[in-house]
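Colleague: File name protein-v3.txt; file contents compact mmCIF, C-alpha atoms; full text below.
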```txt
# COMPACT_ATOMS: atom_id res chain seq x y z
CA MET A 8 -22.13 14.99 -20.87
CA PRO A 9 -20.40 12.34 -18.76
CA CYS A 10 -22.64 9.78 -17.19
CA ILE A 11 -22.83 10.36 -13.44
CA ALA A 12 -23.34 6.89 -12.10
CA ARG A 13 -25.98 5.71 -9.72
CA THR A 14 -24.99 2.56 -7.84
CA SER A 15 -26.87 -0.59 -8.68
CA ARG A 16 -26.82 -3.71 -6.54
CA LEU A 17 -25.59 -6.79 -8.32
CA ALA A 18 -24.75 -10.19 -6.95
CA LEU A 19 -21.25 -10.41 -5.55
CA ALA A 20 -19.54 -13.55 -6.77
CA ALA A 21 -16.29 -14.51 -5.08
CA SER A 22 -13.25 -16.15 -6.61
CA ALA A 23 -9.77 -16.92 -5.33
CA ALA A 24 -8.37 -13.76 -6.83
CA SER A 25 -11.19 -11.22 -6.69
CA LEU A 26 -14.35 -10.04 -5.05
CA ALA A 27 -17.37 -8.91 -6.97
CA LEU A 28 -18.29 -5.28 -6.57
CA LEU A 29 -21.31 -3.15 -7.08
CA VAL A 30 -20.97 -1.71 -10.54
CA THR A 31 -22.31 1.45 -12.08
CA ALA A 32 -25.73 1.37 -13.66
CA CYS A 33 -24.81 3.50 -16.65
CA GLY A 34 -21.95 1.12 -17.47
CA GLY A 35 -19.35 1.50 -20.16
CA SER A 36 -16.43 3.90 -20.33
CA GLY A 37 -16.05 7.45 -21.44
CA SER A 38 -15.36 8.03 -25.13
CA ASP A 39 -12.34 9.66 -26.70
CA ALA A 40 -13.60 12.43 -28.94
CA SER A 41 -10.01 12.97 -30.00
CA GLY A 42 -8.23 9.77 -29.06
CA PRO A 43 -4.59 9.00 -29.73
CA GLY A 44 -3.93 9.52 -33.40
CA GLY A 45 -7.47 10.84 -33.94
CA GLY A 46 -6.64 14.47 -34.72
CA LYS A 47 -5.74 17.27 -32.34
CA PRO A 48 -3.90 16.33 -29.13
CA VAL A 49 -5.95 15.12 -26.20
CA THR A 50 -5.36 16.98 -22.95
CA LEU A 51 -5.62 14.83 -19.84
CA THR A 52 -6.00 16.19 -16.33
CA PHE A 53 -3.99 14.25 -13.76
CA TRP A 54 -4.35 14.51 -9.97
CA SER A 55 -1.92 12.94 -7.52
CA ALA A 56 -0.32 13.42 -4.11
CA THR A 57 2.73 11.29 -4.95
CA ALA A 58 6.18 12.83 -5.07
CA GLY A 59 7.61 13.04 -8.57
CA ALA A 60 4.22 12.84 -10.29
CA LYS A 61 4.60 16.27 -11.89
CA GLU A 62 8.02 15.46 -13.28
CA THR A 63 6.69 12.18 -14.64
CA ALA A 64 3.91 14.04 -16.44
CA ASP A 65 6.42 16.53 -17.81
CA ALA A 66 8.57 13.70 -19.16
CA PHE A 67 5.54 12.15 -20.84
CA ASN A 68 4.67 15.46 -22.49
CA LYS A 69 8.18 15.76 -23.92
CA THR A 70 7.93 12.39 -25.64
CA HIS A 71 4.29 12.37 -26.79
CA THR A 72 2.53 14.64 -29.25
CA ASP A 73 -0.97 13.15 -29.42
CA ILE A 74 -1.62 13.33 -25.66
CA LYS A 75 -0.75 16.12 -23.25
CA VAL A 76 -1.03 15.80 -19.46
CA LYS A 77 -1.94 18.69 -17.16
CA PHE A 78 -0.90 17.86 -13.60
CA SER A 79 -2.34 19.09 -10.29
CA MET A 80 -1.05 18.21 -6.82
CA VAL A 81 -3.83 17.17 -4.41
CA PRO A 82 -3.83 16.27 -0.69
CA ALA A 83 -2.87 12.77 0.37
CA GLY A 84 -5.08 10.37 2.33
CA PRO A 85 -8.78 10.82 3.11
CA GLU A 86 -8.74 14.52 2.23
CA GLY A 87 -7.60 13.73 -1.29
CA VAL A 88 -10.19 10.96 -1.69
CA THR A 89 -12.93 13.35 -0.56
CA LYS A 90 -11.76 15.99 -3.03
CA LEU A 91 -11.88 13.42 -5.81
CA SER A 92 -15.32 12.16 -4.76
CA ASN A 93 -16.70 15.71 -4.83
CA ALA A 94 -15.20 16.27 -8.27
CA VAL A 95 -16.86 13.10 -9.61
CA LYS A 96 -20.22 14.16 -8.18
CA GLY A 97 -19.79 17.61 -9.69
CA GLY A 98 -18.91 16.25 -13.12
CA ASN A 99 -15.43 17.81 -13.15
CA ALA A 100 -13.21 14.91 -12.13
CA PRO A 101 -9.70 14.50 -13.57
CA ASP A 102 -8.99 11.95 -16.29
CA VAL A 103 -6.33 10.17 -14.24
CA ALA A 104 -5.57 10.00 -10.52
CA THR A 105 -3.65 7.89 -8.04
CA MET A 106 -5.32 5.97 -5.21
CA ASP A 107 -4.29 3.67 -2.37
CA TYR A 108 -5.16 0.02 -2.94
CA SER A 109 -7.21 -0.06 0.26
CA ALA A 110 -9.58 2.62 -1.03
CA LEU A 111 -10.24 1.06 -4.44
CA PRO A 112 -13.15 -1.32 -3.67
CA GLU A 113 -15.01 1.33 -1.71
CA TYR A 114 -14.51 3.92 -4.43
CA ALA A 115 -15.38 1.57 -7.27
CA SER A 116 -18.48 0.21 -5.55
CA GLU A 117 -19.83 3.74 -5.19
CA GLY A 118 -19.68 4.14 -8.97
CA ASN A 119 -16.76 6.55 -8.98
CA LEU A 120 -14.42 4.70 -11.35
CA GLU A 121 -14.31 3.87 -15.02
CA ASP A 122 -14.03 0.16 -15.79
CA LEU A 123 -10.56 -0.35 -17.32
CA THR A 124 -11.04 -3.98 -18.32
CA SER A 125 -11.00 -3.38 -22.07
CA SER A 126 -8.17 -0.85 -22.03
CA SER A 127 -5.90 -2.14 -19.26
CA GLY A 128 -7.05 -5.63 -18.28
CA ASP A 129 -4.51 -7.46 -20.44
CA LEU A 130 -1.76 -5.09 -19.29
CA VAL A 131 -2.43 -5.91 -15.63
CA LYS A 132 -2.57 -9.64 -16.35
CA LYS A 133 0.69 -9.70 -18.31
CA GLU A 134 2.83 -7.09 -16.57
CA PHE A 135 2.08 -7.32 -12.86
CA PRO A 136 2.47 -10.02 -10.18
CA GLU A 137 -0.47 -12.07 -8.96
CA ALA A 138 -0.38 -10.63 -5.44
CA VAL A 139 -1.26 -7.14 -6.70
CA GLN A 140 -3.61 -8.25 -9.46
CA SER A 141 -6.17 -9.22 -6.83
CA LEU A 142 -6.08 -5.66 -5.48
CA VAL A 143 -7.13 -4.06 -8.77
CA ASN A 144 -9.14 -6.84 -10.45
CA LEU A 145 -12.45 -6.93 -8.62
CA GLY A 146 -15.63 -8.69 -9.62
CA GLY A 147 -14.15 -9.82 -12.91
CA SER A 148 -13.23 -6.26 -13.94
CA THR A 149 -10.06 -4.19 -13.83
CA TRP A 150 -10.52 -0.93 -11.93
CA ALA A 151 -6.95 0.32 -11.65
CA VAL A 152 -3.36 -0.34 -12.74
CA PRO A 153 -0.75 -1.00 -10.03
CA PHE A 154 2.15 1.38 -9.48
CA ASP A 155 4.11 -0.13 -6.62
CA VAL A 156 4.21 -3.27 -4.52
CA THR A 157 4.86 -2.87 -0.80
CA PRO A 158 6.09 -6.04 0.92
CA ILE A 159 6.64 -5.74 4.67
CA GLN A 160 10.26 -6.30 5.68
CA LEU A 161 12.44 -6.30 8.80
CA PHE A 162 14.98 -3.51 9.22
CA TYR A 163 17.43 -4.29 12.02
CA ARG A 164 20.38 -2.66 13.77
CA LYS A 165 23.34 -4.85 12.94
CA ASP A 166 25.49 -3.35 15.68
CA LEU A 167 22.88 -3.93 18.41
CA PHE A 168 22.26 -7.50 17.30
CA LYS A 169 26.01 -8.18 17.38
CA LYS A 170 26.43 -6.48 20.77
CA HIS A 171 23.75 -8.63 22.39
CA GLY A 172 24.61 -11.83 20.57
CA VAL A 173 21.31 -12.03 18.70
CA ASP A 174 20.79 -13.65 15.30
CA VAL A 175 18.38 -12.19 12.77
CA PRO A 176 15.03 -13.84 13.62
CA THR A 177 13.23 -15.88 11.00
CA THR A 178 10.12 -16.58 13.09
CA TRP A 179 7.97 -14.44 15.37
CA ALA A 180 8.93 -16.71 18.29
CA GLU A 181 12.59 -15.95 17.61
CA TYR A 182 11.73 -12.26 17.31
CA ARG A 183 10.30 -12.23 20.83
CA THR A 184 13.34 -14.12 22.14
CA ALA A 185 15.56 -11.48 20.52
CA ALA A 186 13.45 -8.76 22.13
CA GLU A 187 13.88 -10.33 25.56
CA LYS A 188 17.63 -10.76 25.20
CA ILE A 189 18.27 -7.25 23.91
CA HIS A 190 16.07 -5.61 26.54
CA ALA A 191 17.68 -7.65 29.31
CA GLY A 192 21.12 -6.52 28.12
CA ASP A 193 20.04 -2.88 27.90
CA PRO A 194 16.70 -1.90 29.50
CA ASP A 195 16.74 1.35 27.51
CA VAL A 196 16.41 -0.56 24.22
CA THR A 197 13.24 -2.22 22.95
CA ILE A 198 12.76 -4.37 19.88
CA THR A 199 10.76 -1.76 17.93
CA ASN A 200 8.22 1.09 18.09
CA PHE A 201 4.66 -0.16 17.93
CA GLY A 202 2.57 2.32 19.89
CA GLY A 203 -0.50 4.26 18.89
CA GLY A 204 -1.84 1.67 16.48
CA ASP A 205 -1.38 1.72 12.69
CA PRO A 206 -4.33 0.05 10.92
CA ALA A 207 -2.39 -0.31 7.67
CA LEU A 208 0.48 -2.11 9.38
CA LEU A 209 -1.84 -4.29 11.44
CA SER A 210 -3.72 -5.35 8.32
CA GLY A 211 -0.46 -6.20 6.54
CA LEU A 212 0.71 -8.37 9.42
CA ALA A 213 -2.70 -10.06 9.57
CA TRP A 214 -2.46 -10.59 5.81
CA GLN A 215 0.84 -12.42 6.31
CA ALA A 216 -0.73 -14.60 9.01
CA GLY A 217 -3.41 -15.83 6.62
CA ALA A 218 -6.26 -13.46 7.48
CA ARG A 219 -8.85 -12.45 4.89
CA TRP A 220 -10.65 -9.40 6.19
CA TYR A 221 -13.25 -9.37 3.41
CA GLY A 222 -14.95 -11.98 1.28
CA THR A 223 -18.31 -12.78 -0.25
CA ASN A 224 -20.88 -15.53 0.02
CA GLY A 225 -23.30 -15.42 -2.87
CA ASP A 226 -24.65 -11.87 -2.95
CA ALA A 227 -23.53 -10.98 0.58
CA TRP A 228 -20.33 -9.46 1.93
CA LYS A 229 -18.37 -11.28 4.63
CA VAL A 230 -16.46 -9.16 7.14
CA ASN A 231 -13.73 -11.18 8.88
CA ILE A 232 -11.58 -8.51 10.52
CA ASP A 233 -11.75 -10.07 13.98
CA ASP A 234 -10.77 -13.56 12.83
CA ALA A 235 -8.44 -16.05 14.52
CA ALA A 236 -5.39 -15.20 12.41
CA SER A 237 -5.76 -11.49 13.08
CA ARG A 238 -6.34 -12.04 16.80
CA LYS A 239 -3.11 -14.06 16.95
CA VAL A 240 -1.22 -11.11 15.49
CA ALA A 241 -2.92 -8.55 17.74
CA ALA A 242 -2.33 -10.61 20.90
CA TYR A 243 1.32 -11.06 20.00
CA TRP A 244 1.96 -7.33 19.67
CA ASP A 245 -0.21 -6.34 22.63
CA LYS A 246 1.83 -8.78 24.75
CA LEU A 247 5.15 -7.33 23.55
CA LEU A 248 3.88 -3.86 24.45
CA ALA A 249 2.51 -4.95 27.83
CA ASP A 250 5.82 -6.62 28.72
CA GLY A 251 7.82 -3.52 27.82
CA LEU A 252 9.62 -5.30 24.98
CA ALA A 253 8.19 -2.98 22.32
CA SER A 254 8.07 0.78 22.68
CA LYS A 255 4.67 2.39 23.22
CA THR A 256 5.89 5.57 21.54
CA PRO A 257 3.30 6.30 18.82
CA LEU A 258 4.22 5.49 15.25
CA TRP A 259 4.63 8.33 12.77
CA GLY A 260 5.70 10.96 15.30
CA GLU A 261 8.82 12.83 16.44
CA GLY A 262 9.29 10.44 19.35
CA GLU A 263 9.43 7.50 17.00
CA THR A 264 12.08 9.17 14.86
CA LYS A 265 14.19 10.07 17.90
CA GLU A 266 14.13 6.52 19.28
CA ARG A 267 15.12 5.06 15.94
CA ALA A 268 17.85 7.62 15.34
CA THR A 269 19.45 7.17 18.78
CA GLY A 270 19.57 3.38 18.91
CA LYS A 271 16.69 2.95 21.35
CA VAL A 272 14.99 0.39 19.11
CA ALA A 273 16.68 -2.61 17.52
CA THR A 274 14.32 -3.16 14.57
CA ILE A 275 11.74 -1.42 12.43
CA ILE A 276 8.81 -3.20 10.82
CA GLY A 277 8.53 -1.39 7.49
CA ALA A 278 7.89 -1.86 3.80
CA ALA A 279 9.99 -1.62 0.65
CA TRP A 280 9.35 2.12 0.53
CA SER A 281 10.67 2.55 4.08
CA ALA A 282 14.31 2.17 3.03
CA GLY A 283 14.31 5.60 1.42
CA ASN A 284 13.45 7.22 4.75
CA PHE A 285 16.55 5.96 6.56
CA PRO A 286 19.27 8.20 5.04
CA VAL A 287 17.07 11.24 5.68
CA SER A 288 15.66 10.43 9.11
CA TYR A 289 18.63 8.57 10.64
CA PRO A 290 21.68 9.93 8.80
CA ASP A 291 24.11 9.20 11.65
CA SER A 292 23.26 5.49 11.56
CA LYS A 293 24.71 4.86 8.11
CA GLY A 294 26.10 1.34 7.86
CA LYS A 295 24.35 0.18 11.04
CA TRP A 296 21.06 -0.97 9.51
CA GLY A 297 20.40 -4.16 7.59
CA ILE A 298 17.32 -5.51 5.83
CA ALA A 299 15.93 -9.03 6.21
CA PRO A 300 12.74 -10.94 5.37
CA LEU A 301 9.87 -10.44 7.77
CA PRO A 302 9.75 -13.12 10.50
CA THR A 303 6.98 -15.63 9.91
CA TRP A 304 4.75 -17.80 12.06
CA ASP A 305 5.81 -21.13 10.60
CA GLY A 306 9.30 -20.42 9.27
CA LYS A 307 8.16 -20.44 5.65
CA PRO A 308 8.82 -17.20 3.71
CA SER A 309 5.71 -15.02 3.54
CA THR A 310 4.69 -11.42 3.98
CA GLY A 311 1.84 -8.98 3.55
CA MET A 312 1.68 -5.50 2.09
CA TYR A 313 1.85 -2.12 3.82
CA GLY A 314 0.29 0.64 1.71
CA GLY A 315 0.64 0.91 -2.04
CA THR A 316 -0.59 3.07 -4.91
CA SER A 317 -2.49 2.47 -8.13
CA TYR A 318 -3.60 4.55 -11.12
CA ILE A 319 -7.32 5.04 -11.78
CA VAL A 320 -9.62 6.76 -14.26
CA PRO A 321 -12.37 8.54 -12.30
CA LYS A 322 -15.93 8.23 -13.52
CA GLY A 323 -16.86 10.77 -16.16
CA SER A 324 -13.59 10.96 -18.07
CA GLU A 325 -14.20 11.47 -21.79
CA HIS A 326 -10.67 10.37 -22.67
CA THR A 327 -10.35 6.88 -21.25
CA GLU A 328 -8.26 5.52 -24.12
CA ALA A 329 -5.73 8.34 -23.83
CA ALA A 330 -5.79 7.94 -20.05
CA ALA A 331 -5.02 4.23 -20.43
CA GLU A 332 -2.07 5.04 -22.68
CA PHE A 333 -0.64 7.48 -20.14
CA ILE A 334 -1.19 5.00 -17.30
CA LYS A 335 0.57 2.23 -19.25
CA TRP A 336 3.55 4.51 -19.82
CA VAL A 337 3.84 5.68 -16.23
CA THR A 338 3.55 2.16 -14.75
CA THR A 339 5.70 0.17 -17.20
CA GLU A 340 8.08 2.53 -19.02
CA PRO A 341 11.54 2.81 -17.36
CA GLU A 342 11.81 6.39 -18.62
CA ALA A 343 8.86 7.29 -16.38
CA MET A 344 10.64 5.86 -13.34
CA THR A 345 13.82 7.76 -14.19
CA ALA A 346 11.87 11.02 -14.39
CA ARG A 347 10.08 10.37 -11.12
CA LEU A 348 13.14 9.44 -9.09
CA SER A 349 15.60 11.97 -10.52
CA SER A 350 13.25 14.77 -9.51
CA LEU A 351 13.10 13.87 -5.84
CA LYS A 352 15.04 15.82 -3.22
CA THR A 353 15.11 12.75 -0.95
CA PRO A 354 15.73 9.13 -2.01
CA SER A 355 12.86 6.82 -2.86
CA SER A 356 12.90 3.06 -2.52
CA ALA A 357 9.40 2.46 -3.85
CA LEU A 358 9.39 -0.97 -5.50
CA PRO A 359 7.64 -0.82 -8.89
CA ALA A 360 4.97 -3.47 -9.27
CA ASN A 361 6.16 -3.97 -12.83
CA GLU A 362 9.39 -5.97 -12.64
CA GLY A 363 10.79 -4.35 -15.78
CA MET A 364 10.91 -1.01 -13.97
CA ARG A 365 12.91 -2.26 -10.98
CA ALA A 366 16.39 -2.19 -12.52
CA THR A 367 15.90 1.46 -13.41
CA ALA A 368 14.69 2.27 -9.91
CA ALA A 369 17.62 0.42 -8.34
CA LYS A 370 20.15 2.46 -10.31
CA GLN A 371 18.74 5.63 -8.79
CA PHE A 372 19.10 4.43 -5.18
CA ASP A 373 22.35 4.75 -3.23
CA SER A 374 22.62 1.50 -1.25
CA SER A 375 25.75 2.54 0.64
CA TYR A 376 23.64 3.48 3.66
CA PHE A 377 22.80 -0.20 4.11
CA GLY A 378 26.39 -1.34 3.70
CA ASP A 379 25.91 -1.85 -0.04
CA GLN A 380 23.14 -4.37 0.57
CA ASP A 381 21.08 -4.55 -2.62
CA VAL A 382 17.92 -2.89 -1.35
CA TYR A 383 15.88 -3.56 -4.48
CA ALA A 384 16.96 -7.18 -4.77
CA VAL A 385 15.95 -7.83 -1.16
CA ALA A 386 12.61 -6.06 -1.68
CA GLY A 387 11.99 -7.96 -4.91
CA GLN A 388 12.57 -11.26 -3.15
CA ALA A 389 10.15 -10.21 -0.41
CA ALA A 390 7.56 -9.25 -3.03
CA ASP A 391 7.70 -12.80 -4.37
CA THR A 392 6.53 -14.08 -0.97
CA ILE A 393 3.47 -11.83 -0.58
CA VAL A 394 0.54 -14.07 0.28
CA PRO A 395 -1.80 -13.91 -2.75
CA GLY A 396 -5.54 -13.43 -2.71
CA TRP A 397 -5.97 -10.51 -0.32
CA THR A 398 -8.64 -7.99 -1.32
CA TRP A 399 -10.03 -4.95 0.43
CA GLY A 400 -13.72 -4.39 1.16
CA PRO A 401 -16.23 -1.66 0.30
CA VAL A 402 -16.05 0.06 3.72
CA GLN A 403 -12.36 -0.09 4.66
CA GLN A 404 -11.93 3.68 4.99
CA GLN A 405 -14.58 3.74 7.71
CA VAL A 406 -12.98 0.74 9.40
CA THR A 407 -9.61 2.48 9.40
CA SER A 408 -11.10 5.54 11.12
CA VAL A 409 -12.48 3.57 14.07
CA GLN A 410 -9.32 1.51 14.35
CA MET A 411 -7.22 4.64 14.64
CA ALA A 412 -9.40 5.68 17.58
CA ALA A 413 -8.71 2.43 19.49
CA GLY A 414 -5.71 3.90 21.30
CA GLY A 415 -3.11 1.39 20.16
CA ASP A 416 -4.93 -1.62 21.65
CA HIS A 417 -4.58 -3.98 18.70
CA THR A 418 -7.13 -6.47 19.97
CA LYS A 419 -9.63 -3.62 20.32
CA MET A 420 -8.70 -2.40 16.85
CA LEU A 421 -9.94 -5.71 15.48
CA SER A 422 -13.20 -5.85 17.44
CA SER A 423 -14.08 -2.22 16.74
CA GLY A 424 -13.15 -2.69 13.09
CA GLN A 425 -15.35 -5.77 12.86
CA ALA A 426 -18.33 -3.94 14.36
CA LYS A 427 -17.85 -0.93 12.12
CA GLY A 428 -17.32 -3.06 9.04
CA GLU A 429 -20.59 -4.93 9.60
CA SER A 430 -22.62 -1.80 10.34
CA ALA A 431 -21.09 0.14 7.45
CA VAL A 432 -21.93 -2.63 4.99
CA THR A 433 -25.58 -2.65 6.03
CA ASP A 434 -25.70 1.16 6.21
CA ARG A 435 -24.74 1.21 2.55
CA GLY A 436 -27.64 -1.06 1.74
CA LEU A 437 -25.44 -4.06 1.03
CA LYS A 438 -26.22 -7.56 2.23
CA LEU A 439 -24.08 -8.81 5.11
CA ASP A 440 -23.25 -12.48 5.55
CA LYS A 441 -23.19 -13.13 9.29
```
Now, as a test, write the supplied structure out as structure tokens.

Modeller:
Amino acid sequence: MPCIARTSRLALAASAASLALLVTACGGSGSDASGPGGGKPVTLTFWSATAGAKETADAFNKTHTDIKVKFSMVPAGPEGVTKLSNAVKGGNAPDVATMDYSALPEYASEGNLEDLTSSSGDLVKKEFPEAVQSLVNLGGSTWAVPFDVTPIQLFYRKDLFKKHGVDVPTTWAEYRTAAEKIHAGDPDVTITNFGGGDPALLSGLAWQAGARWYGTNGDAWKVNIDDAASRKVAAYWDKLLADGLASKTPLWGEGETKERATGKVATIIGAAWSAGNFPVSYPDSKGKWGIAPLPTWDGKPSTGMYGGTSYIVPKGSEHTEAAAEFIKWVTTEPEAMTARLSSLKTPSSALPANEGMRATAAKQFDSSYFGDQDVYAVAGQAADTIVPGWTWGPVQQQVTSVQMAAGGDHTKMLSSGQAKGESAVTDRGLKLDK
């Protein structure tokens, strides 16, 4: 029977690259009764909400005889995490699943993940960039393997910038100046959509500004969501919104898409994966959009991340070695990327965290929409400027929920997130460093 973990409280030691986590009391990893090469084929169950995951599993099955993967599509976001949590508690979790980076510390600290240090630790260290290593290596252990890296970038309307005599901004001060000039020239156009509040985007912009929302001091968690760097970011965007320079139309809605498709906004703050949405959502704007590095506060290249996915082995798997082999293949083997991308009905610009996979991904993407700008080269350069050292905390999902309820007031998103983060840490019986 798989060991259903109870959470034990251990000291949380901080380092530059990782935060210590609560680890499971039963320890260890599941065993492979019939591991690779150990007799009859191992059958792995694989849950994911990511597009192309089924086709990737099918491609693996065609090229491997000792391991077979049975795929199931699950809901994305919190609903999918809840489904997985219930499966772990019930002792019927899958052997492999995908999970957002922001959910990893919370999920691991509740004892819901197998420790992958022995099976995948060296892989993560050798094959993935430092900026994403800190998202999966927590407390000296490896809890997941990265799939993609998601640097925030600036997408801009080349025709609107030319019409209003605006250069591509390299700093946030220049970005506001561009917003003022464009809006003065055409009051119907704003610099971007930024209404409604998007906690994931706010955190990525705070990340770029030098914020560290979570940390540890001895055996206590530090919650720093409402810090000076984050407040600078929030005040900047709240001011743009208040002055009518940024659109208050909520992100992720039909209104947002209409404004972007009809030239009512001059830029989009997005991530590497955003590029794939443009040909589908704004087909009539082909050739009008360009991609540039995200403006910075000091003029030095830097960015944060916006989203991102990793591969995990949920607690209770009896085939962790086989799971690790499948995860290695799907995150580092170009054939896996070919299978994933060739199956999609719409283009994907997801930037693989493993650099060896990027050339394969780039071949699958038609860059003509962006005037033959090398989308993957630009994203790869942005990835190299991600500020290292960011880690998520053990209560981020709860923080996200209250931030989404803040009504698009970014300053309030920080204060409410800070309050919820502190209370959630103590509610879980963890020590809080005030």

Colleague: To one decimal in Å, tell me the separation between atom CA of Val287 of chain A and atom CA of Tyr163 of chain A.

Modeller: 16.8 Å

Colleague: Which value, in Å to one decimal, gives the distance between atom CA of Ser109 of chain A and atom CA of Asp245 of chain A?

Modeller: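 Rounded to one decimal, the two atoms are 24.3 Å apart.
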
Colleague: Identify, on the basis of all atoms listed in the file, every residue whose closest approach to Ala60 of chain A does not exceed 9 Å; exclude the query and any residue fewer than 5 positions from it along the same chain; express the result as a ChimeraX atom specification.

Modeller: /A:54-55,65,78,80,346-347

Colleague: Just to confirm, what's the straight-line distance from atom CA of Gly387 of chain A to atom CA of Val175 of chain A in Å (one decimal)?

Modeller: 19.3 Å

Colleague: Residues of segment 216-309 of chain A within 12 Å of segment 352-375 of chain A: nearest atom pair and distance (Å, one decimal) for each, counting all atoms listed in the file, sorted by chain and number, as JSON lines?

Modeller:
```
{"residue": "A:Gly277", "atom": "CA", "partner": "A:Ser356", "partner_atom": "CA", "distance": 11.8}
{"residue": "A:Ala278", "atom": "CA", "partner": "A:Ala357", "partner_atom": "CA", "distance": 8.9}
{"residue": "A:Ala279", "atom": "CA", "partner": "A:Ala357", "partner_atom": "CA", "distance": 6.1}
{"residue": "A:Trp280", "atom": "CA", "partner": "A:Ala357", "partner_atom": "CA", "distance": 4.4}
{"residue": "A:Ser281", "atom": "CA", "partner": "A:Ser356", "partner_atom": "CA", "distance": 7.0}
{"residue": "A:Ala282", "atom": "CA", "partner": "A:Ser356", "partner_atom": "CA", "distance": 5.8}
{"residue": "A:Gly283", "atom": "CA", "partner": "A:Ser355", "partner_atom": "CA", "distance": 4.7}
{"residue": "A:Asn284", "atom": "CA", "partner": "A:Pro354", "partner_atom": "CA", "distance": 7.4}
{"residue": "A:Phe285", "atom": "CA", "partner": "A:Pro354", "partner_atom": "CA", "distance": 9.2}
{"residue": "A:Pro286", "atom": "CA", "partner": "A:Pro354", "partner_atom": "CA", "distance": 7.9}
{"residue": "A:Val287", "atom": "CA", "partner": "A:Thr353", "partner_atom": "CA", "distance": 7.1}
{"residue": "A:Ser288", "atom": "CA", "partner": "A:Thr353", "partner_atom": "CA", "distance": 10.3}
{"residue": "A:Pro290", "atom": "CA", "partner": "A:Ser375", "partner_atom": "CA", "distance": 11.7}
{"residue": "A:Ser292", "atom": "CA", "partner": "A:Ser375", "partner_atom": "CA", "distance": 11.6}
{"residue": "A:Lys293", "atom": "CA", "partner": "A:Ser375", "partner_atom": "CA", "distance": 7.9}
{"residue": "A:Gly294", "atom": "CA", "partner": "A:Ser375", "partner_atom": "CA", "distance": 7.3}
{"residue": "A:Lys295", "atom": "CA", "partner": "A:Ser375", "partner_atom": "CA", "distance": 10.8}
{"residue": "A:Trp296", "atom": "CA", "partner": "A:Ser375", "partner_atom": "CA", "distance": 10.6}
{"residue": "A:Gly297", "atom": "CA", "partner": "A:Ser374", "partner_atom": "CA", "distance": 10.7}
{"residue": "A:Ile298", "atom": "CA", "partner": "A:Ser374", "partner_atom": "CA", "distance": 11.3}
```

Colleague: Enclose the full set of atoms of segment 181-190 of chain A listed in the file within a box whose edges lie along x, y and z, apply 3 Å of padding to each of the six sides, and report centre and edge lengths in Å to one decimal as AutoDock Vina command-line options.

Modeller:
```
--center_x 14.3 --center_y -10.8 --center_z 21.9 --size_x 14.0 --size_y 16.3 --size_z 15.2
```

Colleague: Counting all atoms listed in the file, what is within 7 Å of Ile319 of chain A, bar same-chain residues fewer than 6 positions away, as a PyMOL selection string?

Modeller: chain A and resi 103-106+150-152

Colleague: Name the closest residue to Gln140 of chain A among the candidates A:Val337, A:Ile393, A:Leu421, A:Ala213; distances are taken between atoms, counting all atoms listed in the file.

Modeller: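 When distances to Gln140 of chain A are compared using all atoms listed in the file, the smallest one comes from A:Ile393.
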
Colleague: Out of A:Glu86, A:Glu325, A:Glu340, A:Glu429, which residue has the shortest atom-to-atom distance to Glu121 of chain A when counting only C-alpha atoms?

Modeller: A:Glu325

Colleague: Nearest to Phe162 of chain A: which of A:Gly192, A:Pro300, A:Gly260, A:Gly118 is it, counting all atoms listed in the file?

Modeller: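 Of the candidates, the smallest distance to Phe162 of chain A is held by A:Pro300.
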
Colleague: When distances are computed from all atoms listed in the file, which of A:Ser430, A:Thr157, A:Thr418, A:Thr310 shows the smallest separation from Ala242 of chain A?

Modeller: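 Of A:Ser430, A:Thr157, A:Thr418, A:Thr310, the one nearest Ala242 of chain A is A:Thr418, counting all atoms listed in the file.
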
Colleague: How would you write as a PyMOL selection string the residues that get within 10 Å of (-0.2, -9.7, -8.6) in the file's frame, counting only C-alpha atoms?

Modeller: chain A and resi 24+131-144+153+156+360-361+390-391+393-396

Colleague: With distances taken over all atoms listed in the file, which of A:Ser309, A:Asn68, A:Gln403, A:Gln388 is nearest to Thr177 of chain A?

Modeller: A:Ser309

Colleague: With all atoms listed in the file as the atoms that count, which of A:Asp381, A:Asp122, A:Asp155, A:Asp233 lies nearest to Gly428 of chain A?

Modeller: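 Smallest distance to Gly428 of chain A is found for A:Asp233.
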
Colleague: Mind listing as a list of chain:residue names all residues within 8 Å of (-7.7, 12.7, -21.9), counting only C-alpha atoms?

Modeller: A:Asp39, A:Gly42, A:Val49, A:Thr50, A:Leu51, A:Thr52, A:Ile74, A:Lys75, A:Val76, A:Asp102, A:Ser324, A:Glu325, A:His326, A:Thr327, A:Glu328, A:Ala329, A:Ala330

Colleague: Lys427 of chain A: which residues within 9 Å, counting only C-alpha atoms, same-chain residues fewer than 2 positions away excluded, as a compact mmCIF listing (two decimals) with C-alpha atoms, keeping the file's coordinate frame?

Modeller:
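File written: result.txt
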```
# COMPACT_ATOMS: atom_id res chain seq x y z
CA VAL A 402 -16.05 0.06 3.72
CA GLN A 405 -14.58 3.74 7.71
CA VAL A 406 -12.98 0.74 9.40
CA VAL A 409 -12.48 3.57 14.07
CA SER A 422 -13.20 -5.85 17.44
CA SER A 423 -14.08 -2.22 16.74
CA GLY A 424 -13.15 -2.69 13.09
CA GLN A 425 -15.35 -5.77 12.86
CA GLU A 429 -20.59 -4.93 9.60
CA SER A 430 -22.62 -1.80 10.34
CA ALA A 431 -21.09 0.14 7.45
CA VAL A 432 -21.93 -2.63 4.99
```
